[in-house]
Amino acid sequence: METFLFETPRPALPIRGVEPLFPVRRIYCVGRNYADHAREMGHDPTREQPFFFSKPADALVNGLPSVPYPSATTDLQHEVELVVALHSGGRNLDAARARDCIYGYGVGLDLTRRDLQRAARDKGHPWDMGKGFDGSAPVSTLIPASACGHPRSGRIELSVNGQLRQQGDLSDMILDVEMLIGRLSGLVELRAGDLLFTGTPAGVSALQPGDRIEAAIDGVAKLDLMIAPSLDG
Ligand code: MN
């Protein structure tokens, strides 16, 4: 039996109506998968394809009433996204095999330090510090596909302090869920436990300490989260 010098927490998500937790292996994300959001970020969705990036698995947040406003930013922004949870994987998956890999769905927030992300983009630096900081991946309880089906249309929205900020429809994705899984599986081997954030519709905007976020995808899940004061005072 192997032993370890110390233990580290294993990221996991609860599943609605199911006792065991869903163990999270990796968190992948896609950028600019809704045309209206690509445009609001200053890009032409007819000329540029969506692309992938990742967050550390332990950036996952679930079951907490709040996350602290992160360090080193003055422009924390929300991005509401359909999150896909995989119970199997593979390489170079076609659409049918991609669908077979899907365990279920949730709603997630791709929290972004927009100022750091923009600075990195402008300098040709990696996005990690803009996207992959502590607490940057809040995700709801998962709903098994056996309960919610495979939602490919339906409203996705986010409100802050009761005011609607983001609203779109899952059918507005440029690359649908099966295409995303297929393309990603050509870049890396996907495995059980992987999560995929599938991109955000328009309306991303800044958050402040004290803000209450309500995110929802019709027929899938809801997520409530407060932004707490910064740990840096
Ligand atoms: Mn995003």
# chains A, B, ... in the order shown; residues from 1 in each chain; ligands from 1
$ residues_near_ligand --ligand "ligand 1" --cutoff "9 Å" --atoms "only C-alpha atoms and all ligand atoms" --output "compact mmCIF listing (two decimals) with all heavy atoms, in the first residue's frame"
# COMPACT_ATOMS: atom_id res chain seq x y z
N CYS A 29 -12.21 24.17 -20.21
CA CYS A 29 -13.12 25.26 -20.55
C CYS A 29 -12.97 25.58 -22.02
O CYS A 29 -11.92 25.29 -22.62
CB CYS A 29 -12.78 26.52 -19.76
SG CYS A 29 -12.77 26.34 -17.96
N VAL A 30 -14.01 26.20 -22.58
CA VAL A 30 -13.93 26.66 -23.97
C VAL A 30 -14.17 28.16 -24.00
O VAL A 30 -15.00 28.68 -23.26
CB VAL A 30 -14.91 25.89 -24.89
CG1 VAL A 30 -16.33 26.08 -24.45
CG2 VAL A 30 -14.73 26.28 -26.34
N GLY A 31 -13.38 28.82 -24.83
CA GLY A 31 -13.51 30.27 -24.99
C GLY A 31 -14.27 30.61 -26.25
O GLY A 31 -14.13 29.94 -27.27
N ARG A 32 -15.09 31.65 -26.15
CA ARG A 32 -15.81 32.23 -27.31
C ARG A 32 -16.66 31.20 -28.06
O ARG A 32 -16.53 31.04 -29.27
CB ARG A 32 -14.82 32.90 -28.27
CG ARG A 32 -14.09 34.07 -27.61
CD ARG A 32 -13.09 34.71 -28.54
NE ARG A 32 -11.96 35.24 -27.79
CZ ARG A 32 -10.71 35.29 -28.22
NH1 ARG A 32 -10.42 34.83 -29.43
NH2 ARG A 32 -9.75 35.78 -27.47
N ASN A 33 -17.54 30.54 -27.30
CA ASN A 33 -18.42 29.54 -27.93
C ASN A 33 -19.84 30.07 -28.15
O ASN A 33 -20.72 29.32 -28.55
CB ASN A 33 -18.44 28.26 -27.09
CG ASN A 33 -19.00 27.09 -27.87
OD1 ASN A 33 -18.84 27.00 -29.09
ND2 ASN A 33 -19.68 26.19 -27.18
N HIS A 78 -18.18 37.64 -14.00
CA HIS A 78 -18.93 36.38 -14.03
C HIS A 78 -19.10 35.90 -15.47
O HIS A 78 -19.25 36.72 -16.38
CB HIS A 78 -20.31 36.57 -13.40
CG HIS A 78 -21.09 37.70 -14.00
ND1 HIS A 78 -21.72 37.61 -15.21
CD2 HIS A 78 -21.30 38.97 -13.55
CE1 HIS A 78 -22.31 38.76 -15.48
NE2 HIS A 78 -22.06 39.62 -14.50
N GLU A 79 -19.08 34.58 -15.65
CA GLU A 79 -19.46 33.95 -16.93
C GLU A 79 -20.29 32.72 -16.56
O GLU A 79 -19.76 31.77 -15.99
CB GLU A 79 -18.23 33.52 -17.73
CG GLU A 79 -17.31 34.68 -18.13
CD GLU A 79 -16.18 34.27 -19.08
OE1 GLU A 79 -16.09 33.07 -19.44
OE2 GLU A 79 -15.40 35.15 -19.45
N VAL A 80 -21.58 32.73 -16.87
CA VAL A 80 -22.43 31.58 -16.57
C VAL A 80 -22.29 30.54 -17.69
O VAL A 80 -22.30 30.90 -18.87
CB VAL A 80 -23.90 31.99 -16.37
CG1 VAL A 80 -24.51 32.64 -17.59
CG2 VAL A 80 -24.75 30.78 -15.95
N GLU A 81 -22.15 29.25 -17.31
CA GLU A 81 -21.87 28.23 -18.33
C GLU A 81 -22.54 26.89 -17.99
O GLU A 81 -22.65 26.52 -16.82
CB GLU A 81 -20.35 28.01 -18.46
CG GLU A 81 -19.61 29.35 -18.60
CD GLU A 81 -18.25 29.28 -19.27
OE1 GLU A 81 -17.86 28.20 -19.73
OE2 GLU A 81 -17.61 30.35 -19.34
N LEU A 109 -19.86 28.75 -12.90
CA LEU A 109 -19.36 30.10 -13.14
C LEU A 109 -17.89 30.02 -13.49
O LEU A 109 -17.09 29.50 -12.71
CB LEU A 109 -19.53 30.97 -11.88
CG LEU A 109 -20.93 31.13 -11.32
CD1 LEU A 109 -20.89 31.98 -10.06
CD2 LEU A 109 -21.84 31.77 -12.37
N ASP A 110 -17.55 30.51 -14.68
CA ASP A 110 -16.13 30.66 -15.06
C ASP A 110 -15.72 32.05 -14.58
O ASP A 110 -15.72 33.00 -15.36
CB ASP A 110 -16.01 30.49 -16.58
CG ASP A 110 -14.63 30.88 -17.11
OD1 ASP A 110 -13.70 31.03 -16.28
OD2 ASP A 110 -14.50 31.02 -18.34
N LEU A 111 -15.41 32.14 -13.27
CA LEU A 111 -15.01 33.45 -12.72
C LEU A 111 -13.67 33.85 -13.32
O LEU A 111 -12.76 33.01 -13.47
CB LEU A 111 -14.94 33.40 -11.19
CG LEU A 111 -16.28 33.22 -10.48
CD1 LEU A 111 -16.07 33.11 -8.96
CD2 LEU A 111 -17.25 34.36 -10.81
N THR A 112 -13.56 35.11 -13.68
CA THR A 112 -12.43 35.59 -14.48
C THR A 112 -11.89 36.91 -13.93
O THR A 112 -12.66 37.84 -13.70
CB THR A 112 -12.90 35.81 -15.94
OG1 THR A 112 -13.41 34.56 -16.46
CG2 THR A 112 -11.76 36.29 -16.83
N LYS A 131 -7.64 33.11 -15.23
CA LYS A 131 -8.75 32.15 -15.26
C LYS A 131 -8.67 31.08 -14.18
O LYS A 131 -9.70 30.53 -13.81
CB LYS A 131 -8.75 31.43 -16.63
CG LYS A 131 -9.26 32.29 -17.79
CD LYS A 131 -10.75 32.52 -17.69
CE LYS A 131 -11.34 33.04 -18.99
NZ LYS A 131 -12.81 33.25 -18.88
N PHE A 197 -16.51 23.16 -19.09
CA PHE A 197 -17.29 24.40 -19.13
C PHE A 197 -17.45 24.77 -20.60
O PHE A 197 -16.45 24.84 -21.33
CB PHE A 197 -16.56 25.52 -18.41
CG PHE A 197 -16.65 25.52 -16.91
CD1 PHE A 197 -16.14 24.47 -16.16
CD2 PHE A 197 -17.23 26.59 -16.24
CE1 PHE A 197 -16.20 24.50 -14.77
CE2 PHE A 197 -17.30 26.62 -14.85
CZ PHE A 197 -16.79 25.58 -14.11
N THR A 198 -18.69 25.01 -21.04
CA THR A 198 -18.98 25.06 -22.48
C THR A 198 -19.13 26.47 -23.06
O THR A 198 -19.59 26.62 -24.19
CB THR A 198 -20.25 24.25 -22.77
OG1 THR A 198 -21.32 24.77 -21.98
CG2 THR A 198 -20.04 22.78 -22.46
N GLY A 199 -18.71 27.48 -22.32
CA GLY A 199 -18.73 28.84 -22.84
C GLY A 199 -19.92 29.64 -22.32
O GLY A 199 -20.87 29.08 -21.77
N THR A 200 -19.83 30.97 -22.50
CA THR A 200 -20.81 31.86 -21.89
C THR A 200 -21.46 32.78 -22.92
O THR A 200 -20.80 33.17 -23.88
CB THR A 200 -20.13 32.71 -20.78
OG1 THR A 200 -21.11 33.26 -19.92
CG2 THR A 200 -19.29 33.85 -21.36
N PRO A 201 -22.76 33.08 -22.72
CA PRO A 201 -23.40 34.07 -23.59
C PRO A 201 -22.99 35.49 -23.20
O PRO A 201 -22.24 35.69 -22.24
CB PRO A 201 -24.89 33.84 -23.35
CG PRO A 201 -24.98 33.28 -21.97
CD PRO A 201 -23.70 32.51 -21.76
$ residues_around --residues "A:Pro144" --least-positions-apart "6" --cutoff "8 Å" --atoms "only C-alpha atoms" --output "ChimeraX atom specification"
/A:15-16,103-105
$ write_last_selection --atoms "N, CA and C atoms" --output "tab-separated table (two decimals), in the first residue's frame"
chain	number	residue	atom	x	y	z
A	15	ILE	N	-24.24	14.88	-6.44
A	15	ILE	CA	-25.13	14.55	-7.56
A	15	ILE	C	-26.55	14.48	-7.00
A	16	ARG	N	-27.49	15.12	-7.67
A	16	ARG	CA	-28.87	15.13	-7.17
A	16	ARG	C	-29.45	13.72	-7.20
A	103	TYR	N	-21.93	11.95	-18.20
A	103	TYR	CA	-22.68	11.48	-17.03
A	103	TYR	C	-23.85	12.42	-16.73
A	104	GLY	N	-23.57	13.72	-16.76
A	104	GLY	CA	-24.62	14.66	-16.37
A	104	GLY	C	-24.18	16.08	-16.59
A	105	TYR	N	-24.98	16.98	-16.00
A	105	TYR	CA	-24.81	18.41	-16.28
A	105	TYR	C	-24.98	19.21	-15.00
$ closest_atom_pairs --of "stretch 43-101 of chain A" --to "stretch 168-176 of chain A" --cutoff "9 Å" --atoms "only C-alpha atoms" --output "CSV"
residue,atom,partner,partner_atom,distance
A:Pro45,CA,A:Ile174,CA,8.5
A:Gln49,CA,A:Ile174,CA,8.5
A:Pro50,CA,A:Leu175,CA,7.6
A:Leu82,CA,A:Leu170,CA,8.0
$ write_last_selection --atoms "N, CA and C atoms" --output "tab-separated table (two decimals), in the first residue's frame"
chain	number	residue	atom	x	y	z
A	45	PRO	N	-16.68	36.19	-34.51
A	45	PRO	CA	-16.92	34.74	-34.42
A	45	PRO	C	-16.97	34.04	-35.77
A	49	GLN	N	-12.37	30.35	-34.43
A	49	GLN	CA	-13.04	29.21	-33.82
A	49	GLN	C	-12.89	29.25	-32.30
A	50	PRO	N	-13.86	28.66	-31.59
A	50	PRO	CA	-13.67	28.49	-30.14
A	50	PRO	C	-12.39	27.69	-29.85
A	82	LEU	N	-22.97	26.19	-19.03
A	82	LEU	CA	-23.36	24.78	-18.88
A	82	LEU	C	-22.09	23.97	-18.64
$ closest_residue --among "A:Leu76, A:Leu158, A:Ala221, A:Ala38" --to "A:Gln117" --atoms "only C-alpha atoms"
A:Leu76
$ atom_distance --atom1 "atom CA of A:Thr3" --atom2 "atom CA of A:Ile27"
26.3 Å
$ atom_distance --atom1 "atom CA of A:Met41" --atom2 "atom CA of A:Val67"
25.2 Å
$ residues_around --residues "stretch 89-96 of chain A" --least-positions-apart "6" --cutoff "12 Å" --atoms "only C-alpha atoms" --output "list in words"
Arg25, Arg26, Ile102, Tyr103, Leu175, Asp176, Val177, Glu178, Met179, Leu180, Ile181, Gly182, Arg183, Leu184, Ser185, Gly186, Leu187, Val188, Glu189, Leu190, Arg191, Ala192, Gly193, Asp194 and Leu195 of chain A
$ closest_residue --among "A:Phe4, A:Glu48, A:His43, A:Ala57" --to "A:Leu196" --atoms "only C-alpha atoms"
A:Ala57
$ select_by_dssp --residues "stretch 10-119 of chain A" --states "helix (DSSP H, G or I)" --output "PDB file with N, CA, C and O atoms, in the first residue's frame"
ATOM      1  N   ALA A  35     -21.581  33.459 -30.092  1.00  0.00           N
ATOM      2  CA  ALA A  35     -21.165  34.550 -30.980  1.00  0.00           C
ATOM      3  C   ALA A  35     -21.329  35.916 -30.325  1.00  0.00           C
ATOM      4  O   ALA A  35     -20.460  36.790 -30.463  1.00  0.00           O
ATOM      5  N   ASP A  36     -22.441  36.113 -29.571  1.00  0.00           N
ATOM      6  CA  ASP A  36     -22.657  37.450 -28.988  1.00  0.00           C
ATOM      7  C   ASP A  36     -21.604  37.778 -27.937  1.00  0.00           C
ATOM      8  O   ASP A  36     -21.209  38.932 -27.778  1.00  0.00           O
ATOM      9  N   HIS A  37     -21.109  36.761 -27.220  1.00  0.00           N
ATOM     10  CA  HIS A  37     -20.033  37.014 -26.249  1.00  0.00           C
ATOM     11  C   HIS A  37     -18.704  37.254 -26.967  1.00  0.00           C
ATOM     12  O   HIS A  37     -17.934  38.136 -26.557  1.00  0.00           O
ATOM     13  N   ALA A  38     -18.419  36.500 -28.027  1.00  0.00           N
ATOM     14  CA  ALA A  38     -17.188  36.737 -28.788  1.00  0.00           C
ATOM     15  C   ALA A  38     -17.165  38.197 -29.269  1.00  0.00           C
ATOM     16  O   ALA A  38     -16.147  38.893 -29.162  1.00  0.00           O
ATOM     17  N   ARG A  39     -18.307  38.671 -29.750  1.00  0.00           N
ATOM     18  CA  ARG A  39     -18.378  40.059 -30.254  1.00  0.00           C
ATOM     19  C   ARG A  39     -18.171  41.066 -29.133  1.00  0.00           C
ATOM     20  O   ARG A  39     -17.465  42.052 -29.308  1.00  0.00           O
ATOM     21  N   GLU A  40     -18.784  40.815 -27.969  1.00  0.00           N
ATOM     22  CA  GLU A  40     -18.627  41.797 -26.884  1.00  0.00           C
ATOM     23  C   GLU A  40     -17.179  41.840 -26.393  1.00  0.00           C
ATOM     24  O   GLU A  40     -16.765  42.841 -25.795  1.00  0.00           O
ATOM     25  N   ALA A  57      -8.182  21.567 -11.007  1.00  0.00           N
ATOM     26  CA  ALA A  57      -9.368  20.882 -10.465  1.00  0.00           C
ATOM     27  C   ALA A  57      -9.752  21.438  -9.102  1.00  0.00           C
ATOM     28  O   ALA A  57     -10.935  21.495  -8.750  1.00  0.00           O
ATOM     29  N   ASP A  58      -8.761  21.868  -8.322  1.00  0.00           N
ATOM     30  CA  ASP A  58      -9.106  22.333  -6.975  1.00  0.00           C
ATOM     31  C   ASP A  58      -9.529  23.806  -6.949  1.00  0.00           C
ATOM     32  O   ASP A  58      -9.723  24.372  -5.877  1.00  0.00           O
ATOM     33  N   ALA A  59      -9.728  24.405  -8.152  1.00  0.00           N
ATOM     34  CA  ALA A  59     -10.420  25.705  -8.226  1.00  0.00           C
ATOM     35  C   ALA A  59     -11.927  25.510  -8.072  1.00  0.00           C
ATOM     36  O   ALA A  59     -12.673  26.485  -7.948  1.00  0.00           O
ATOM     37  N   ALA A  95     -19.356  12.037 -32.513  1.00  0.00           N
ATOM     38  CA  ALA A  95     -20.463  12.612 -31.743  1.00  0.00           C
ATOM     39  C   ALA A  95     -21.177  11.561 -30.898  1.00  0.00           C
ATOM     40  O   ALA A  95     -21.541  11.815 -29.735  1.00  0.00           O
ATOM     41  N   ALA A  96     -21.381  10.364 -31.448  1.00  0.00           N
ATOM     42  CA  ALA A  96     -22.095   9.323 -30.698  1.00  0.00           C
ATOM     43  C   ALA A  96     -21.278   8.866 -29.495  1.00  0.00           C
ATOM     44  O   ALA A  96     -21.810   8.709 -28.386  1.00  0.00           O
ATOM     45  N   ARG A  97     -19.982   8.677 -29.698  1.00  0.00           N
ATOM     46  CA  ARG A  97     -19.129   8.246 -28.576  1.00  0.00           C
ATOM     47  C   ARG A  97     -18.970   9.374 -27.564  1.00  0.00           C
ATOM     48  O   ARG A  97     -18.875   9.139 -26.362  1.00  0.00           O
ATOM     49  N   ALA A  98     -18.945  10.615 -28.064  1.00  0.00           N
ATOM     50  CA  ALA A  98     -18.855  11.763 -27.146  1.00  0.00           C
ATOM     51  C   ALA A  98     -20.066  11.781 -26.217  1.00  0.00           C
ATOM     52  O   ALA A  98     -19.943  11.949 -25.003  1.00  0.00           O
ATOM     53  N   ARG A  99     -21.255  11.574 -26.763  1.00  0.00           N
ATOM     54  CA  ARG A  99     -22.459  11.593 -25.928  1.00  0.00           C
ATOM     55  C   ARG A  99     -22.426  10.476 -24.897  1.00  0.00           C
ATOM     56  O   ARG A  99     -22.837  10.657 -23.761  1.00  0.00           O
ATOM     57  N   ASP A 100     -21.916   9.308 -25.282  1.00  0.00           N
ATOM     58  CA  ASP A 100     -21.843   8.186 -24.344  1.00  0.00           C
ATOM     59  C   ASP A 100     -20.961   8.490 -23.133  1.00  0.00           C
ATOM     60  O   ASP A 100     -21.074   7.824 -22.102  1.00  0.00           O
ATOM     61  N   ARG A 114     -10.647  39.660 -15.221  1.00  0.00           N
ATOM     62  CA  ARG A 114     -10.615  40.144 -16.606  1.00  0.00           C
ATOM     63  C   ARG A 114      -9.400  41.019 -16.865  1.00  0.00           C
ATOM     64  O   ARG A 114      -8.824  40.994 -17.958  1.00  0.00           O
ATOM     65  N   ASP A 115      -9.010  41.834 -15.875  1.00  0.00           N
ATOM     66  CA  ASP A 115      -7.848  42.701 -16.090  1.00  0.00           C
ATOM     67  C   ASP A 115      -6.579  41.872 -16.311  1.00  0.00           C
ATOM     68  O   ASP A 115      -5.774  42.178 -17.199  1.00  0.00           O
ATOM     69  N   LEU A 116      -6.415  40.805 -15.538  1.00  0.00           N
ATOM     70  CA  LEU A 116      -5.225  39.963 -15.724  1.00  0.00           C
ATOM     71  C   LEU A 116      -5.317  39.180 -17.030  1.00  0.00           C
ATOM     72  O   LEU A 116      -4.306  38.979 -17.727  1.00  0.00           O
ATOM     73  N   GLN A 117      -6.523  38.725 -17.375  1.00  0.00           N
ATOM     74  CA  GLN A 117      -6.689  37.976 -18.636  1.00  0.00           C
ATOM     75  C   GLN A 117      -6.357  38.878 -19.832  1.00  0.00           C
ATOM     76  O   GLN A 117      -5.656  38.470 -20.753  1.00  0.00           O
ATOM     77  N   ARG A 118      -6.870  40.123 -19.811  1.00  0.00           N
ATOM     78  CA  ARG A 118      -6.605  41.044 -20.936  1.00  0.00           C
ATOM     79  C   ARG A 118      -5.123  41.371 -21.042  1.00  0.00           C
ATOM     80  O   ARG A 118      -4.559  41.429 -22.139  1.00  0.00           O
ATOM     81  N   ALA A 119      -4.471  41.597 -19.886  1.00  0.00           N
ATOM     82  CA  ALA A 119      -3.039  41.922 -19.903  1.00  0.00           C
ATOM     83  C   ALA A 119      -2.249  40.743 -20.474  1.00  0.00           C
ATOM     84  O   ALA A 119      -1.319  40.933 -21.275  1.00  0.00           O
TER      85      ALA A 119
END
$ select_by_dssp --residues "stretch 101-233 of chain A" --states "strand (DSSP E or B)" --output "number ranges by chain"
A: 102-109, 112-113, 137-139, 142-144, 155-160, 163-169, 173, 190, 195-197, 206, 212-217, 221-228
$ atom_distance --atom1 "atom CA of A:Asp75" --atom2 "atom CA of A:Gly108"
19.0 Å
$ residues_around --residues "A:Glu157" --least-positions-apart "2" --cutoff "7 Å" --atoms "only C-alpha atoms" --output "ChimeraX atom specification"
/A:80,155,159,166-168,215-217
$ write_last_selection --atoms "all heavy atoms" --output "PDB file, in the first residue's frame"
ATOM      1  N   VAL A  80     -21.583  32.730 -16.874  1.00  0.00           N
ATOM      2  CA  VAL A  80     -22.430  31.578 -16.566  1.00  0.00           C
ATOM      3  C   VAL A  80     -22.293  30.544 -17.689  1.00  0.00           C
ATOM      4  O   VAL A  80     -22.303  30.902 -18.868  1.00  0.00           O
ATOM      5  CB  VAL A  80     -23.902  31.992 -16.367  1.00  0.00           C
ATOM      6  CG1 VAL A  80     -24.505  32.638 -17.588  1.00  0.00           C
ATOM      7  CG2 VAL A  80     -24.754  30.781 -15.952  1.00  0.00           C
ATOM      8  N   ARG A 155     -33.038  28.164 -21.747  1.00  0.00           N
ATOM      9  CA  ARG A 155     -32.473  29.434 -21.308  1.00  0.00           C
ATOM     10  C   ARG A 155     -31.324  29.226 -20.332  1.00  0.00           C
ATOM     11  O   ARG A 155     -31.415  28.409 -19.414  1.00  0.00           O
ATOM     12  CB  ARG A 155     -33.568  30.279 -20.667  1.00  0.00           C
ATOM     13  CG  ARG A 155     -33.182  31.732 -20.525  1.00  0.00           C
ATOM     14  CD  ARG A 155     -34.410  32.586 -20.438  1.00  0.00           C
ATOM     15  NE  ARG A 155     -35.162  32.266 -19.226  1.00  0.00           N
ATOM     16  CZ  ARG A 155     -35.966  33.130 -18.621  1.00  0.00           C
ATOM     17  NH1 ARG A 155     -36.139  34.340 -19.113  1.00  0.00           N
ATOM     18  NH2 ARG A 155     -36.622  32.768 -17.535  1.00  0.00           N
ATOM     19  N   SER A 159     -28.172  36.461 -12.842  1.00  0.00           N
ATOM     20  CA  SER A 159     -28.548  37.744 -12.255  1.00  0.00           C
ATOM     21  C   SER A 159     -27.579  38.090 -11.140  1.00  0.00           C
ATOM     22  O   SER A 159     -27.024  37.199 -10.480  1.00  0.00           O
ATOM     23  CB  SER A 159     -29.956  37.671 -11.658  1.00  0.00           C
ATOM     24  OG  SER A 159     -30.896  37.401 -12.661  1.00  0.00           O
ATOM     25  N   GLN A 166     -26.878  38.316 -17.674  1.00  0.00           N
ATOM     26  CA  GLN A 166     -26.587  37.448 -18.824  1.00  0.00           C
ATOM     27  C   GLN A 166     -27.818  36.632 -19.156  1.00  0.00           C
ATOM     28  O   GLN A 166     -28.474  36.090 -18.254  1.00  0.00           O
ATOM     29  CB  GLN A 166     -25.434  36.483 -18.519  1.00  0.00           C
ATOM     30  CG  GLN A 166     -24.082  37.134 -18.388  1.00  0.00           C
ATOM     31  CD  GLN A 166     -22.978  36.090 -18.363  1.00  0.00           C
ATOM     32  OE1 GLN A 166     -22.520  35.717 -17.304  1.00  0.00           O
ATOM     33  NE2 GLN A 166     -22.570  35.611 -19.523  1.00  0.00           N
ATOM     34  N   GLN A 167     -28.118  36.519 -20.425  1.00  0.00           N
ATOM     35  CA  GLN A 167     -29.226  35.689 -20.860  1.00  0.00           C
ATOM     36  C   GLN A 167     -28.901  35.163 -22.252  1.00  0.00           C
ATOM     37  O   GLN A 167     -28.462  35.915 -23.125  1.00  0.00           O
ATOM     38  CB  GLN A 167     -30.513  36.496 -20.901  1.00  0.00           C
ATOM     39  CG  GLN A 167     -31.733  35.621 -21.122  1.00  0.00           C
ATOM     40  CD  GLN A 167     -33.022  36.424 -21.025  1.00  0.00           C
ATOM     41  OE1 GLN A 167     -33.010  37.641 -21.125  1.00  0.00           O
ATOM     42  NE2 GLN A 167     -34.122  35.741 -20.849  1.00  0.00           N
ATOM     43  N   GLY A 168     -29.091  33.881 -22.452  1.00  0.00           N
ATOM     44  CA  GLY A 168     -28.856  33.283 -23.759  1.00  0.00           C
ATOM     45  C   GLY A 168     -29.611  31.979 -23.840  1.00  0.00           C
ATOM     46  O   GLY A 168     -30.440  31.667 -22.973  1.00  0.00           O
ATOM     47  N   ALA A 215     -27.450  31.973 -10.804  1.00  0.00           N
ATOM     48  CA  ALA A 215     -27.246  31.448 -12.156  1.00  0.00           C
ATOM     49  C   ALA A 215     -28.191  30.274 -12.345  1.00  0.00           C
ATOM     50  O   ALA A 215     -28.447  29.519 -11.399  1.00  0.00           O
ATOM     51  CB  ALA A 215     -25.804  30.992 -12.338  1.00  0.00           C
ATOM     52  N   ALA A 216     -28.718  30.130 -13.551  1.00  0.00           N
ATOM     53  CA  ALA A 216     -29.665  29.039 -13.783  1.00  0.00           C
ATOM     54  C   ALA A 216     -29.647  28.611 -15.246  1.00  0.00           C
ATOM     55  O   ALA A 216     -29.432  29.431 -16.148  1.00  0.00           O
ATOM     56  CB  ALA A 216     -31.077  29.471 -13.395  1.00  0.00           C
ATOM     57  N   ILE A 217     -29.867  27.336 -15.452  1.00  0.00           N
ATOM     58  CA  ILE A 217     -30.127  26.800 -16.787  1.00  0.00           C
ATOM     59  C   ILE A 217     -31.445  26.046 -16.698  1.00  0.00           C
ATOM     60  O   ILE A 217     -31.590  25.136 -15.862  1.00  0.00           O
ATOM     61  CB  ILE A 217     -29.001  25.869 -17.261  1.00  0.00           C
ATOM     62  CG1 ILE A 217     -27.680  26.657 -17.338  1.00  0.00           C
ATOM     63  CG2 ILE A 217     -29.347  25.238 -18.614  1.00  0.00           C
ATOM     64  CD1 ILE A 217     -26.476  25.801 -17.665  1.00  0.00           C
TER      65      ILE A 217
END
$ residues_around --residues "A:Phe133" --least-positions-apart "5" --cutoff "8 Å" --atoms "only C-alpha atoms" --output "PyMOL selection string"
chain A and resi 55+59+70+128
$ closest_residue --among "A:Asn161, A:Ser88, A:Ser205, A:Ser153" --to "A:Gly219" --atoms "only C-alpha atoms"
A:Ser153
